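Undergrad: Structure: my_file.txt, compact mmCIF, C-alpha atoms.
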```txt
# COMPACT_ATOMS: atom_id res chain seq x y z
CA MET A 199 18.50 53.67 1.36
CA TRP A 200 17.55 52.93 -2.23
CA LYS A 201 20.85 51.09 -2.50
CA ALA A 202 19.93 48.93 0.49
CA LEU A 203 16.64 48.11 -1.18
CA GLN A 204 18.39 47.39 -4.47
CA ASP A 205 20.86 45.10 -2.71
CA LEU A 206 18.04 43.28 -1.01
CA ILE A 207 16.36 42.61 -4.32
CA TYR A 208 19.52 41.66 -6.20
CA ASN A 209 20.67 39.36 -3.42
CA GLY A 210 17.29 37.79 -3.14
CA GLY A 211 15.73 34.98 -5.05
CA VAL A 212 13.10 36.77 -7.11
CA VAL A 213 15.52 37.97 -9.80
CA ARG A 214 16.91 34.47 -10.18
CA LEU A 215 13.64 32.71 -10.85
CA LEU A 216 13.56 30.59 -13.94
CA PRO A 217 10.55 29.15 -15.81
CA GLY A 218 11.60 25.70 -14.62
CA HIS A 219 11.12 26.78 -11.02
CA VAL A 220 7.62 28.00 -11.70
CA ILE A 221 6.66 24.77 -13.43
CA MET A 222 7.84 22.85 -10.39
CA TRP A 223 5.74 25.12 -8.20
CA ALA A 224 2.73 24.12 -10.26
CA ILE A 225 3.57 20.48 -9.63
CA ALA A 226 4.07 21.20 -5.94
CA PHE A 227 0.72 22.96 -5.71
CA THR A 228 -0.95 20.11 -7.56
CA LEU A 229 0.38 17.62 -5.02
CA LEU A 230 -0.64 19.86 -2.15
CA TYR A 231 -4.12 20.15 -3.65
CA LEU A 232 -4.39 16.39 -4.10
CA ALA A 233 -3.22 15.87 -0.54
CA VAL A 234 -5.32 18.47 1.22
CA LYS A 235 -8.48 18.70 -0.85
CA LYS A 236 -8.72 15.21 -2.31
CA ARG A 237 -6.96 13.45 0.56
CA TYR A 238 -4.74 11.41 -1.77
CA GLU A 239 -2.10 9.88 0.53
CA PRO A 240 -1.74 13.18 2.41
CA LEU A 241 0.84 11.83 4.86
CA LEU A 242 3.35 11.63 2.04
CA LEU A 243 2.11 13.90 -0.71
CA LEU A 244 1.86 16.94 1.56
CA PRO A 245 5.49 16.97 2.74
CA ILE A 246 6.68 15.88 -0.70
CA GLY A 247 4.72 18.71 -2.32
CA PHE A 248 6.08 21.24 0.11
CA GLY A 249 9.62 19.89 -0.32
CA ILE A 250 9.31 20.36 -4.08
CA LEU A 251 8.14 23.92 -3.57
CA VAL A 252 10.94 25.01 -1.25
CA VAL A 253 13.74 23.33 -3.17
CA ASN A 254 12.68 25.19 -6.31
CA LEU A 255 13.29 28.60 -4.80
CA PRO A 256 16.65 30.01 -5.88
CA ILE A 257 19.80 30.34 -3.77
CA THR A 258 18.23 28.95 -0.62
CA ALA A 259 21.01 26.33 -0.60
CA LEU A 260 18.59 23.91 1.03
CA MET A 261 20.03 21.05 -1.00
CA GLU A 262 23.61 22.29 -0.99
CA PRO A 263 25.85 19.33 -0.06
CA ASN A 264 27.21 19.52 3.47
CA GLN A 265 25.30 22.70 4.02
CA GLY A 266 21.62 22.57 3.20
CA LEU A 267 19.04 21.52 5.78
CA LEU A 268 17.17 19.35 3.32
CA TRP A 269 20.42 17.88 2.06
CA TYR A 270 21.14 16.73 5.61
CA PHE A 271 17.68 15.13 5.85
CA TYR A 272 18.25 13.39 2.53
CA HIS A 273 21.87 12.41 3.17
CA TYR A 274 21.46 11.09 6.71
CA GLY A 275 17.93 9.81 6.31
CA ILE A 276 17.51 8.39 2.84
CA ALA A 277 20.93 8.09 1.22
CA SER A 278 22.19 6.42 4.37
CA GLY A 279 19.38 3.88 4.07
CA ILE A 280 18.08 4.52 7.57
CA ILE A 281 14.58 5.90 7.10
CA PRO A 282 12.91 3.27 4.89
CA PRO A 283 13.78 0.44 7.31
CA LEU A 284 12.47 2.53 10.20
CA ILE A 285 9.21 3.00 8.34
CA PHE A 286 9.08 -0.76 7.92
CA LEU A 287 9.49 -1.09 11.69
CA GLY A 288 6.32 0.93 12.04
CA LEU A 289 4.56 -1.00 9.28
CA GLY A 290 5.41 -4.30 10.92
CA ALA A 291 3.97 -3.06 14.20
CA MET A 292 0.71 -2.27 12.39
CA THR A 293 0.41 -5.39 10.23
CA ASP A 294 -1.65 -8.46 11.06
CA PHE A 295 -0.26 -11.52 9.31
CA GLY A 296 -3.12 -13.70 10.60
CA PRO A 297 -4.75 -14.11 7.17
CA VAL A 298 -1.41 -15.23 5.70
CA ILE A 299 -0.73 -17.74 8.48
CA ALA A 300 -4.29 -19.07 8.21
CA ASN A 301 -3.88 -19.62 4.48
CA PRO A 302 -0.21 -19.96 3.49
CA LYS A 303 -1.14 -20.32 -0.19
CA THR A 304 -1.57 -16.57 -0.13
CA LEU A 305 2.20 -16.18 0.17
CA LEU A 306 2.32 -17.45 -3.39
CA LEU A 307 -0.23 -14.85 -4.41
CA GLY A 308 1.89 -12.17 -2.80
CA ALA A 309 4.69 -13.37 -5.04
CA GLY A 310 2.44 -13.63 -8.11
CA ALA A 311 1.78 -9.94 -8.22
CA GLN A 312 5.52 -9.28 -8.17
CA VAL A 313 5.89 -11.10 -11.49
CA GLY A 314 4.27 -8.01 -12.98
CA LEU A 315 7.29 -6.06 -11.76
CA TYR A 316 9.54 -8.09 -14.01
CA PHE A 317 7.35 -7.45 -17.06
CA THR A 318 7.53 -3.76 -16.24
CA PHE A 319 11.29 -4.02 -15.85
CA PHE A 320 11.73 -5.36 -19.37
CA ALA A 321 9.19 -2.95 -20.85
CA THR A 322 11.07 -0.08 -19.24
CA LEU A 323 14.37 -1.34 -20.64
CA LEU A 324 12.80 -1.40 -24.09
CA ALA A 325 11.73 2.19 -23.52
CA GLY A 326 15.37 3.18 -23.25
CA PHE A 327 16.05 3.39 -19.53
CA ASN A 328 19.17 1.68 -18.18
CA LEU A 329 19.09 -1.37 -15.90
CA ARG A 330 19.13 0.48 -12.60
CA GLU A 331 16.58 3.05 -13.69
CA ALA A 332 14.34 0.28 -14.98
CA ALA A 333 14.48 -1.46 -11.60
CA ALA A 334 13.64 1.74 -9.74
CA ILE A 335 10.65 2.26 -12.04
CA ALA A 336 9.48 -1.36 -12.04
CA ILE A 337 9.36 -1.49 -8.24
CA ILE A 338 6.55 1.09 -8.40
CA GLY A 339 4.27 -1.82 -9.27
CA GLY A 340 4.84 -3.24 -5.82
CA ALA A 341 2.64 -0.40 -4.55
CA ASP A 342 4.88 0.10 -1.57
CA GLY A 343 6.15 3.62 -0.90
CA PRO A 344 9.13 2.97 1.39
CA THR A 345 10.39 0.14 -0.84
CA THR A 346 10.11 2.33 -3.93
CA ILE A 347 12.06 5.07 -2.17
CA TYR A 348 14.65 2.61 -0.88
CA VAL A 349 15.31 1.15 -4.33
CA GLY A 350 15.31 4.61 -5.88
CA SER A 351 17.83 5.93 -3.38
CA VAL A 352 20.19 3.00 -4.00
CA LEU A 353 19.86 2.47 -7.75
CA ALA A 354 18.59 5.70 -9.33
CA PRO A 355 18.61 8.73 -7.00
CA HIS A 356 17.97 11.09 -9.91
CA LEU A 357 14.61 9.37 -10.44
CA LEU A 358 13.76 9.08 -6.75
CA GLY A 359 11.35 11.98 -6.61
CA ALA A 360 9.53 10.99 -9.77
CA THR A 361 9.16 7.32 -8.85
CA ALA A 362 7.96 8.20 -5.35
CA VAL A 363 5.34 10.66 -6.57
CA VAL A 364 4.16 8.23 -9.25
CA ALA A 365 3.97 5.40 -6.72
CA TYR A 366 1.92 7.32 -4.17
CA THR A 367 -0.36 8.80 -6.82
CA TYR A 368 -1.23 5.42 -8.29
CA MET A 369 -1.65 3.89 -4.84
CA ALA A 370 -4.38 6.45 -4.25
CA LEU A 371 -5.89 5.55 -7.63
CA VAL A 372 -6.03 1.78 -6.99
CA PRO A 373 -9.85 1.85 -6.76
CA ILE A 374 -9.89 3.18 -10.33
CA ILE A 375 -7.03 1.22 -11.85
CA GLN A 376 -7.72 -2.28 -10.59
CA PRO A 377 -11.43 -3.04 -11.11
CA PRO A 378 -11.42 -2.91 -14.94
CA ILE A 379 -8.46 -5.28 -15.06
CA MET A 380 -10.07 -7.53 -12.48
CA ARG A 381 -13.27 -7.78 -14.52
CA LEU A 382 -11.35 -8.29 -17.75
CA LEU A 383 -9.37 -11.26 -16.48
CA THR A 384 -12.05 -13.11 -14.55
CA THR A 385 -15.37 -14.63 -15.44
CA LYS A 386 -18.49 -13.72 -13.52
CA GLU A 387 -18.52 -17.27 -12.18
CA GLU A 388 -15.03 -16.91 -10.82
CA ARG A 389 -15.84 -13.59 -9.19
CA ARG A 390 -18.83 -15.20 -7.50
CA ILE A 391 -16.72 -17.79 -5.69
CA VAL A 392 -17.42 -17.71 -1.96
CA MET A 393 -14.44 -18.26 0.30
CA ARG A 394 -15.00 -19.66 3.73
CA ASN A 395 -13.29 -20.84 6.84
CA LEU A 396 -10.43 -18.57 7.55
CA ARG A 397 -9.20 -20.58 10.49
CA PRO A 398 -8.39 -18.77 13.73
CA VAL A 399 -4.67 -18.27 14.24
CA GLY A 400 -2.97 -18.89 17.58
CA SER A 401 -0.75 -16.35 19.27
CA LEU A 402 2.25 -18.69 19.19
CA GLU A 403 1.96 -18.91 15.41
CA LYS A 404 1.79 -15.13 15.21
CA ILE A 405 4.99 -14.86 17.25
CA LEU A 406 6.85 -17.50 15.26
CA PHE A 407 5.86 -16.05 11.89
CA PRO A 408 8.02 -12.90 11.99
CA VAL A 409 11.01 -14.77 13.37
CA VAL A 410 10.85 -17.58 10.83
CA THR A 411 10.11 -15.22 7.95
CA ALA A 412 13.02 -12.95 8.87
CA VAL A 413 15.47 -15.84 9.06
CA VAL A 414 14.30 -17.49 5.85
CA VAL A 415 14.23 -14.30 3.80
CA MET A 416 17.60 -13.12 5.07
CA LEU A 417 19.21 -16.48 4.34
CA VAL A 418 17.82 -16.58 0.82
CA VAL A 419 18.10 -12.89 -0.07
CA PRO A 420 20.65 -11.22 2.22
CA ALA A 421 20.20 -7.86 0.49
CA ALA A 422 16.68 -7.77 1.93
CA ALA A 423 18.07 -7.68 5.47
CA PRO A 424 17.63 -4.00 6.34
CA LEU A 425 13.99 -3.91 5.31
CA ILE A 426 12.82 -7.38 6.34
CA SER A 427 14.58 -7.33 9.70
CA MET A 428 12.89 -4.10 10.73
CA PHE A 429 9.55 -5.18 9.25
CA MET A 430 9.57 -8.44 11.20
CA LEU A 431 10.93 -6.83 14.37
CA GLY A 432 8.00 -4.43 14.37
CA ASN A 433 5.63 -7.34 13.88
CA LEU A 434 7.30 -9.28 16.68
CA PHE A 435 6.89 -6.26 18.97
CA LYS A 436 3.18 -6.31 18.22
CA GLU A 437 2.54 -10.03 18.44
CA SER A 438 4.64 -10.70 21.53
CA GLY A 439 2.31 -8.46 23.49
CA VAL A 440 5.05 -7.76 26.03
CA VAL A 441 6.54 -4.55 24.67
CA GLU A 442 3.49 -2.37 24.15
CA ARG A 443 5.52 0.81 24.66
CA LEU A 444 7.88 -0.20 21.85
CA THR A 445 5.00 -1.23 19.62
CA ARG A 446 3.25 2.08 20.20
CA ALA A 447 6.45 4.03 19.62
CA SER A 448 7.08 2.10 16.40
CA GLU A 449 3.64 2.62 14.94
CA ASN A 450 3.23 6.18 16.19
CA GLU A 451 6.22 8.34 17.09
CA ILE A 452 8.85 6.58 14.97
CA MET A 453 6.53 6.07 12.03
CA ASN A 454 5.24 9.63 12.07
CA ALA A 455 8.60 11.31 12.59
CA THR A 456 10.33 9.33 9.86
CA THR A 457 7.42 9.96 7.50
CA VAL A 458 7.95 13.69 7.95
CA PHE A 459 11.64 13.48 7.07
CA LEU A 460 11.02 11.00 4.27
CA GLY A 461 8.44 13.22 2.61
CA ILE A 462 10.44 16.42 2.81
CA ALA A 463 13.67 14.77 1.68
CA VAL A 464 12.02 13.03 -1.27
CA GLY A 465 10.36 16.27 -2.37
CA ALA A 466 13.67 18.05 -2.01
CA THR A 467 15.25 15.83 -4.66
CA MET A 468 12.81 17.13 -7.26
CA THR A 469 14.61 20.16 -8.58
CA ALA A 470 13.64 21.53 -11.96
CA GLN A 471 16.84 20.16 -13.51
CA THR A 472 16.26 16.59 -12.35
CA PHE A 473 12.52 16.45 -12.87
CA LEU A 474 11.72 18.40 -16.03
CA GLN A 475 12.86 15.87 -18.57
CA PRO A 476 10.69 13.94 -21.07
CA ARG A 477 11.75 10.60 -19.61
CA VAL A 478 10.05 11.58 -16.36
CA LEU A 479 6.72 11.75 -18.13
CA PHE A 480 7.42 8.23 -19.25
CA ILE A 481 7.68 7.15 -15.64
CA PHE A 482 4.04 8.11 -15.19
CA PHE A 483 3.11 5.74 -18.02
CA MET A 484 5.37 2.96 -16.81
CA GLY A 485 4.02 3.31 -13.29
CA LEU A 486 0.51 2.74 -14.55
CA PHE A 487 1.78 -0.20 -16.60
CA ALA A 488 3.44 -1.58 -13.45
CA PHE A 489 0.25 -1.42 -11.39
CA ALA A 490 -1.76 -2.97 -14.20
CA ALA A 491 0.78 -5.73 -14.84
CA SER A 492 1.01 -6.65 -11.16
CA THR A 493 -2.78 -6.76 -10.82
CA ALA A 494 -2.94 -8.99 -13.87
CA THR A 495 -0.22 -11.42 -12.81
CA GLY A 496 -1.69 -11.70 -9.32
CA ILE A 497 -5.10 -12.64 -10.70
CA LEU A 498 -3.65 -15.00 -13.30
CA LEU A 499 -1.60 -16.85 -10.69
CA ALA A 500 -4.75 -17.29 -8.61
CA LYS A 501 -6.52 -18.77 -11.62
CA VAL A 502 -3.60 -21.16 -12.21
CA MET A 503 -3.65 -22.20 -8.58
CA ASN A 504 -7.36 -22.95 -8.90
CA LEU A 505 -6.54 -25.63 -11.47
CA PHE A 506 -4.91 -27.60 -8.66
CA LEU A 507 -7.16 -26.74 -5.74
CA LYS A 508 -10.24 -28.57 -4.58
CA GLU A 509 -11.57 -25.64 -2.60
CA LYS A 510 -11.30 -22.86 -5.13
CA ILE A 511 -10.00 -19.44 -4.23
CA ASN A 512 -11.69 -16.42 -5.66
CA PRO A 513 -9.11 -15.22 -8.21
CA LEU A 514 -9.94 -11.60 -7.40
CA ILE A 515 -7.84 -11.86 -4.26
CA GLY A 516 -4.76 -12.20 -6.46
CA ALA A 517 -5.19 -8.53 -7.28
CA ALA A 518 -4.65 -7.75 -3.62
CA GLY A 519 -1.06 -8.89 -4.08
CA VAL A 520 -0.55 -5.34 -5.28
CA SER A 521 0.30 -4.39 -1.77
CA ALA A 522 -1.42 -1.05 -1.27
CA VAL A 523 -2.55 -2.06 2.20
CA PRO A 524 -5.49 -2.25 2.77
CA MET A 525 -6.77 -0.38 -0.24
CA SER A 526 -6.53 -3.12 -2.81
CA ALA A 527 -8.04 -5.60 -0.35
CA ARG A 528 -11.02 -3.28 -0.05
CA VAL A 529 -11.26 -2.99 -3.83
CA VAL A 530 -11.19 -6.79 -4.14
CA HIS A 531 -13.98 -7.06 -1.59
CA LYS A 532 -16.13 -4.53 -3.43
CA VAL A 533 -15.71 -6.12 -6.83
CA GLY A 534 -16.47 -9.53 -5.31
CA SER A 535 -19.54 -8.19 -3.55
CA GLU A 536 -20.82 -6.70 -6.81
CA ALA A 537 -20.64 -10.11 -8.43
CA ASN A 538 -22.06 -12.00 -5.48
CA LYS A 539 -23.47 -10.43 -2.37
CA ARG A 540 -22.76 -13.60 -0.47
CA THR A 541 -19.00 -13.44 -0.83
CA TYR A 542 -17.01 -11.46 1.72
CA LEU A 543 -13.47 -11.31 0.46
CA LEU A 544 -11.95 -8.60 2.64
CA MET A 545 -10.16 -10.78 5.18
CA PHE A 546 -9.16 -13.32 2.54
CA ALA A 547 -7.74 -10.53 0.39
CA MET A 548 -5.66 -9.27 3.31
CA GLY A 549 -3.55 -12.41 3.02
CA PRO A 550 -2.09 -11.60 -0.41
CA ASN A 551 -2.16 -7.92 0.51
CA VAL A 552 0.31 -8.20 3.37
CA ALA A 553 2.20 -11.08 1.76
CA GLY A 554 2.69 -8.73 -1.19
CA VAL A 555 4.62 -6.33 1.03
CA ILE A 556 7.10 -9.12 1.73
CA GLY A 557 7.06 -10.00 -1.96
CA THR A 558 7.87 -6.46 -3.06
CA LEU A 559 10.58 -6.26 -0.45
CA VAL A 560 12.21 -9.45 -1.76
CA ALA A 561 11.89 -8.27 -5.36
CA ALA A 562 13.55 -5.00 -4.37
CA ALA A 563 16.38 -6.86 -2.67
CA ILE A 564 16.92 -9.02 -5.74
CA PHE A 565 17.09 -5.94 -7.98
CA ILE A 566 19.54 -4.27 -5.62
CA SER A 567 21.82 -7.26 -5.17
CA MET A 568 22.02 -7.84 -8.93
CA LEU A 569 22.35 -4.26 -10.09
CA LYS A 570 24.17 -2.34 -7.39
CA MET B 288 -34.84 -20.73 12.40
CA ALA B 289 -31.66 -19.62 10.68
CA ASN B 290 -28.79 -17.72 12.16
CA LEU B 291 -27.05 -15.09 10.09
CA THR B 292 -23.47 -15.27 11.35
CA SER B 293 -20.76 -12.74 10.76
CA PRO B 294 -18.45 -13.73 7.88
CA MET B 295 -15.67 -11.46 9.10
CA PRO B 296 -14.41 -9.60 12.15
CA GLY B 297 -15.57 -6.01 12.50
CA LYS B 298 -17.68 -3.51 14.37
CA VAL B 299 -21.43 -3.20 13.94
CA MET B 300 -21.93 0.15 12.28
CA ALA B 301 -25.63 0.05 11.49
CA ILE B 302 -28.58 -2.31 11.86
CA LYS B 303 -30.85 -2.00 8.86
CA VAL B 304 -33.80 -4.05 10.07
CA ALA B 305 -36.00 -4.39 13.12
CA VAL B 306 -37.57 -7.41 14.79
CA GLY B 307 -40.65 -8.41 12.82
CA ASP B 308 -39.42 -7.12 9.42
CA LYS B 309 -39.85 -9.42 6.45
CA VAL B 310 -36.60 -9.99 4.59
CA GLU B 311 -35.69 -11.57 1.27
CA VAL B 312 -32.44 -13.31 0.41
CA GLU B 313 -29.68 -10.79 -0.21
CA ASP B 314 -31.41 -7.95 1.61
CA GLU B 315 -29.02 -5.71 3.48
CA LEU B 316 -29.38 -6.52 7.17
CA ILE B 317 -26.34 -5.23 9.00
CA ILE B 318 -23.45 -2.95 8.12
CA LEU B 319 -20.09 -3.86 9.63
CA GLU B 320 -17.06 -1.66 9.71
CA ALA B 321 -13.82 -3.49 9.02
CA LEU B 322 -10.50 -1.99 7.98
CA LYS B 323 -12.26 1.38 7.84
CA MET B 324 -14.61 0.10 5.18
CA GLU B 325 -18.39 -0.13 5.34
CA THR B 326 -19.27 -3.74 4.63
CA PRO B 327 -22.93 -4.64 4.17
CA ILE B 328 -23.90 -8.11 5.37
CA TYR B 329 -26.71 -9.65 3.35
CA ALA B 330 -29.42 -12.09 4.33
CA GLU B 331 -28.79 -15.74 3.49
CA ASP B 332 -32.39 -16.80 4.09
CA ALA B 333 -35.79 -15.28 3.55
CA GLY B 334 -38.23 -14.90 6.39
CA THR B 335 -39.07 -12.69 9.35
CA VAL B 336 -36.52 -11.18 11.69
CA ALA B 337 -36.98 -13.00 14.98
CA ALA B 338 -34.14 -11.47 16.96
CA ILE B 339 -31.20 -9.12 16.54
CA LYS B 340 -28.27 -10.37 18.59
CA VAL B 341 -25.94 -7.41 18.31
CA LYS B 342 -25.98 -3.70 19.12
CA GLU B 343 -24.54 -0.78 17.24
CA GLY B 344 -20.89 -0.32 18.17
CA GLU B 345 -20.42 -3.91 19.22
CA ALA B 346 -17.33 -5.75 17.99
CA VAL B 347 -17.95 -9.12 16.36
CA LYS B 348 -15.79 -12.08 15.36
CA VAL B 349 -16.21 -14.56 12.54
CA GLY B 350 -19.15 -16.80 13.37
CA ASP B 351 -20.86 -14.52 15.87
CA VAL B 352 -24.63 -14.60 15.40
CA LEU B 353 -25.91 -11.31 14.08
CA VAL B 354 -29.58 -11.85 13.26
CA VAL B 355 -32.00 -14.75 13.72
CA ILE B 356 -34.51 -15.32 10.93
CA GLU B 357 -37.49 -17.60 10.94
```
As structure tokens, please, write out the structure in this file.
TA:
Amino acid sequence: MWKALQDLIYNGGVVRLLPGHVIMWAIAFTLLYLAVKKRYEPLLLLPIGFGILVVNLPITALMEPNQGLLWYFYHYGIASGIIPPLIFLGLGAMTDFGPVIANPKTLLLGAGAQVGLYFTFFATLLAGFNLREAAAIAIIGGADGPTTIYVGSVLAPHLLGATAVVAYTYMALVPIIQPPIMRLLTTKEERRIVMRNLRPVGSLEKILFPVVTAVVVMLVVPAAAPLISMFMLGNLFKESGVVERLTRASENEIMNATTVFLGIAVGATMTAQTFLQPRVLFIFFMGLFAFAASTATGILLAKVMNLFLKEKINPLIGAAGVSAVPMSARVVHKVGSEANKRTYLLMFAMGPNVAGVIGTLVAAAIFISMLK
Amino acid sequence: MANLTSPMPGKVMAIKVAVGDKVEVEDELIILEALKMETPIYAEDAGTVAAIKVKEGEAVKVGDVLVVIE
């Protein structure tokens, strides 16, 4: 009987635990704490945290190729490129492009924030990462989880876990990261600008927008097809008003189910071997740089545009091009309201905010088509 | 007579004044909820609240009259 007990212990995982595993547990518990107690992006950080925990338990074979449960989730869900586009289907079904249609200049602002990605790309290259890794890290500045995961899975799977965790963490920290930069780059006068007259948008325009956008983007950047087609299809579901069951499924069942698999699979890539390297710590710094750079370029583009506009835009809305929807739009509104109680920027900031999702998507496709 | 109109779509979360209150410019009159954010709406004119045209929980569009001030 003692032998049976001995066998159980020797065949079990406890004797095979390494310090690396325990460190990863600490990271897993930190993410779980942030998700549950602090409510930082719990929909992603909770499954990611749990995935990290279970994959850092020895000989479970959860990530064993062609064998492990989590490997199957990762291989068929993420590596295959299926899950991120499905998440975009859900996002499209939840997004209102009205503010963009009402004020098409905001499409430019959505692009402006992406310029920050390119600064981050070059800074990351200087830091010693290779081209594909730099792209996977730079895309963090787009503040879009599924896009970050998509680019990571295609260009730098060994950094996927780190870039995803960094992206979601900083998205939750947008209210802390953005305001100082916003105040630094704008004058009080500029922050006080009142924006008016967001014109009402007709339902025909809202139906044409996803179709036209899909066609244009796919013609110009074919590599964007998987993400933009699903994003616009979801939006078309919503705006057509004739497929409510499909819209509901997209924004609820499909979105929620794929989020579960996405989170677990991403967490499962973070084994001690892949994650515990000094360069990973660097990704935390570069991620912050990416968010800051994108905020800055968004605001600066808005200021440049104001040189040519008769009715000035409040440059703060450029910061909403960092497409953490709708968090950065809310931050823009608050900072504007602090400067001038009479300015209500929320709906105006939603324009760059959702345009920024398209912008990040296009930037991702450009990275992928050039570096794959 | 001045109408305070809603600058954005949202739901009336709280009404901070009553008919007859004296208000100054930039006093908080109504709180709207939009995109899950509490958004205070501030007075554009000073005067006395003559009428409150919305109820708590009511959905409003851009341009809907919220409060009438005289």
Undergrad: Please find the residues of chain A near chain B - the criterion being any atom within 10 Å, counting only C-alpha atoms - and write them as a PDB file with C-alpha atoms, keeping the file's coordinate frame.
TA:
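File iface15.pdb, as written:
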```
ATOM      1  CA  MET A 393     -14.440 -18.260   0.300  1.00  0.00           C
ATOM      2  CA  ARG A 394     -15.000 -19.660   3.730  1.00  0.00           C
ATOM      3  CA  ASN A 395     -13.290 -20.840   6.840  1.00  0.00           C
ATOM      4  CA  LEU A 396     -10.430 -18.570   7.550  1.00  0.00           C
ATOM      5  CA  ARG A 397      -9.200 -20.580  10.490  1.00  0.00           C
ATOM      6  CA  PRO A 398      -8.390 -18.770  13.730  1.00  0.00           C
ATOM      7  CA  VAL A 523      -2.550  -2.060   2.200  1.00  0.00           C
ATOM      8  CA  PRO A 524      -5.490  -2.250   2.770  1.00  0.00           C
ATOM      9  CA  MET A 525      -6.770  -0.380  -0.240  1.00  0.00           C
ATOM     10  CA  ALA A 527      -8.040  -5.600  -0.350  1.00  0.00           C
ATOM     11  CA  ARG A 528     -11.020  -3.280  -0.050  1.00  0.00           C
ATOM     12  CA  HIS A 531     -13.980  -7.060  -1.590  1.00  0.00           C
ATOM     13  CA  LYS A 532     -16.130  -4.530  -3.430  1.00  0.00           C
ATOM     14  CA  SER A 535     -19.540  -8.190  -3.550  1.00  0.00           C
ATOM     15  CA  ASN A 538     -22.060 -12.000  -5.480  1.00  0.00           C
ATOM     16  CA  LYS A 539     -23.470 -10.430  -2.370  1.00  0.00           C
ATOM     17  CA  ARG A 540     -22.760 -13.600  -0.470  1.00  0.00           C
ATOM     18  CA  THR A 541     -19.000 -13.440  -0.830  1.00  0.00           C
ATOM     19  CA  TYR A 542     -17.010 -11.460   1.720  1.00  0.00           C
ATOM     20  CA  LEU A 543     -13.470 -11.310   0.460  1.00  0.00           C
ATOM     21  CA  LEU A 544     -11.950  -8.600   2.640  1.00  0.00           C
ATOM     22  CA  MET A 545     -10.160 -10.780   5.180  1.00  0.00           C
ATOM     23  CA  PHE A 546      -9.160 -13.320   2.540  1.00  0.00           C
ATOM     24  CA  MET A 548      -5.660  -9.270   3.310  1.00  0.00           C
TER      25      MET A 548
END
```
Undergrad: Work out how far apart atom CA of Gly519 of chain A and atom CA of Asp351 of chain B are and give it in Å to one decimal.
TA: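 Pair atom CA of Gly519 of chain A / atom CA of Asp351 of chain B returns 28.7 Å.
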Undergrad: Can you work out which one of A:Ile515, A:Ala547, A:Ala455, A:Leu230 has the shortest atom-to-atom distance to Val363 of chain A, counting all atoms listed in the file?
TA: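 With all atoms listed in the file as the atom set, the closest residue is A:Leu230.
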Undergrad: Please provide the set of residues having any atom within 12 Å of Leu260 of chain A, restricted to all atoms listed in the file, with same-chain residues fewer than 4 positions apart removed, written as a ChimeraX atom specification.
TA: /A:249-256,264-272,462-463,465-467,469
Undergrad: Each side padded by 4 Å, which centre and which edge lengths in Å (one decimal) define the axis-aligned box around the listed atoms of segment 291-296 of chain A? Give them as AutoDock Vina command-line options.
TA:
```
--center_x 0.4 --center_y -8.0 --center_z 11.8 --size_x 15.1 --size_y 19.4 --size_z 12.9
```
Undergrad: Would you kindly return, as a PyMOL selection string, each protein, DNA or RNA residue with an atom no farther than 10 Å from any atom of Ala346 of chain B, considering all atoms listed in the file and excluding same-chain residues fewer than 5 positions away?
TA: chain B and resi 296-300+319-321+341+351
Undergrad: Please, can segment 502-511 of chain A be completed to N, CA and C atoms and returned as a PDB file, keeping the file's coordinate frame?
TA:
```pdb
ATOM      1  N   VAL A 502      -4.416 -19.955 -12.015  1.00  0.00           N
ATOM      2  CA  VAL A 502      -3.600 -21.160 -12.210  1.00  0.00           C
ATOM      3  C   VAL A 502      -3.678 -22.051 -10.976  1.00  0.00           C
ATOM      4  N   MET A 503      -3.580 -21.423  -9.804  1.00  0.00           N
ATOM      5  CA  MET A 503      -3.650 -22.200  -8.580  1.00  0.00           C
ATOM      6  C   MET A 503      -4.983 -22.943  -8.476  1.00  0.00           C
ATOM      7  N   ASN A 504      -6.047 -22.319  -8.960  1.00  0.00           N
ATOM      8  CA  ASN A 504      -7.360 -22.950  -8.900  1.00  0.00           C
ATOM      9  C   ASN A 504      -7.426 -24.243  -9.691  1.00  0.00           C
ATOM     10  N   LEU A 505      -6.547 -24.388 -10.696  1.00  0.00           N
ATOM     11  CA  LEU A 505      -6.540 -25.630 -11.470  1.00  0.00           C
ATOM     12  C   LEU A 505      -6.157 -26.816 -10.586  1.00  0.00           C
ATOM     13  N   PHE A 506      -5.408 -26.518  -9.503  1.00  0.00           N
ATOM     14  CA  PHE A 506      -4.910 -27.600  -8.660  1.00  0.00           C
ATOM     15  C   PHE A 506      -5.617 -27.680  -7.324  1.00  0.00           C
ATOM     16  N   LEU A 507      -6.547 -26.789  -7.057  1.00  0.00           N
ATOM     17  CA  LEU A 507      -7.160 -26.740  -5.740  1.00  0.00           C
ATOM     18  C   LEU A 507      -8.555 -27.317  -5.755  1.00  0.00           C
ATOM     19  N   LYS A 508      -8.875 -28.050  -4.675  1.00  0.00           N
ATOM     20  CA  LYS A 508     -10.240 -28.570  -4.580  1.00  0.00           C
ATOM     21  C   LYS A 508     -11.181 -27.484  -4.110  1.00  0.00           C
ATOM     22  N   GLU A 509     -10.752 -26.757  -3.063  1.00  0.00           N
ATOM     23  CA  GLU A 509     -11.570 -25.640  -2.600  1.00  0.00           C
ATOM     24  C   GLU A 509     -11.055 -24.388  -3.303  1.00  0.00           C
ATOM     25  N   LYS A 510     -11.800 -23.927  -4.275  1.00  0.00           N
ATOM     26  CA  LYS A 510     -11.300 -22.860  -5.130  1.00  0.00           C
ATOM     27  C   LYS A 510     -11.143 -21.545  -4.379  1.00  0.00           C
ATOM     28  N   ILE A 511     -10.100 -20.805  -4.727  1.00  0.00           N
ATOM     29  CA  ILE A 511     -10.000 -19.440  -4.230  1.00  0.00           C
ATOM     30  C   ILE A 511     -10.624 -18.511  -5.260  1.00  0.00           C
TER      31      ILE A 511
END
```
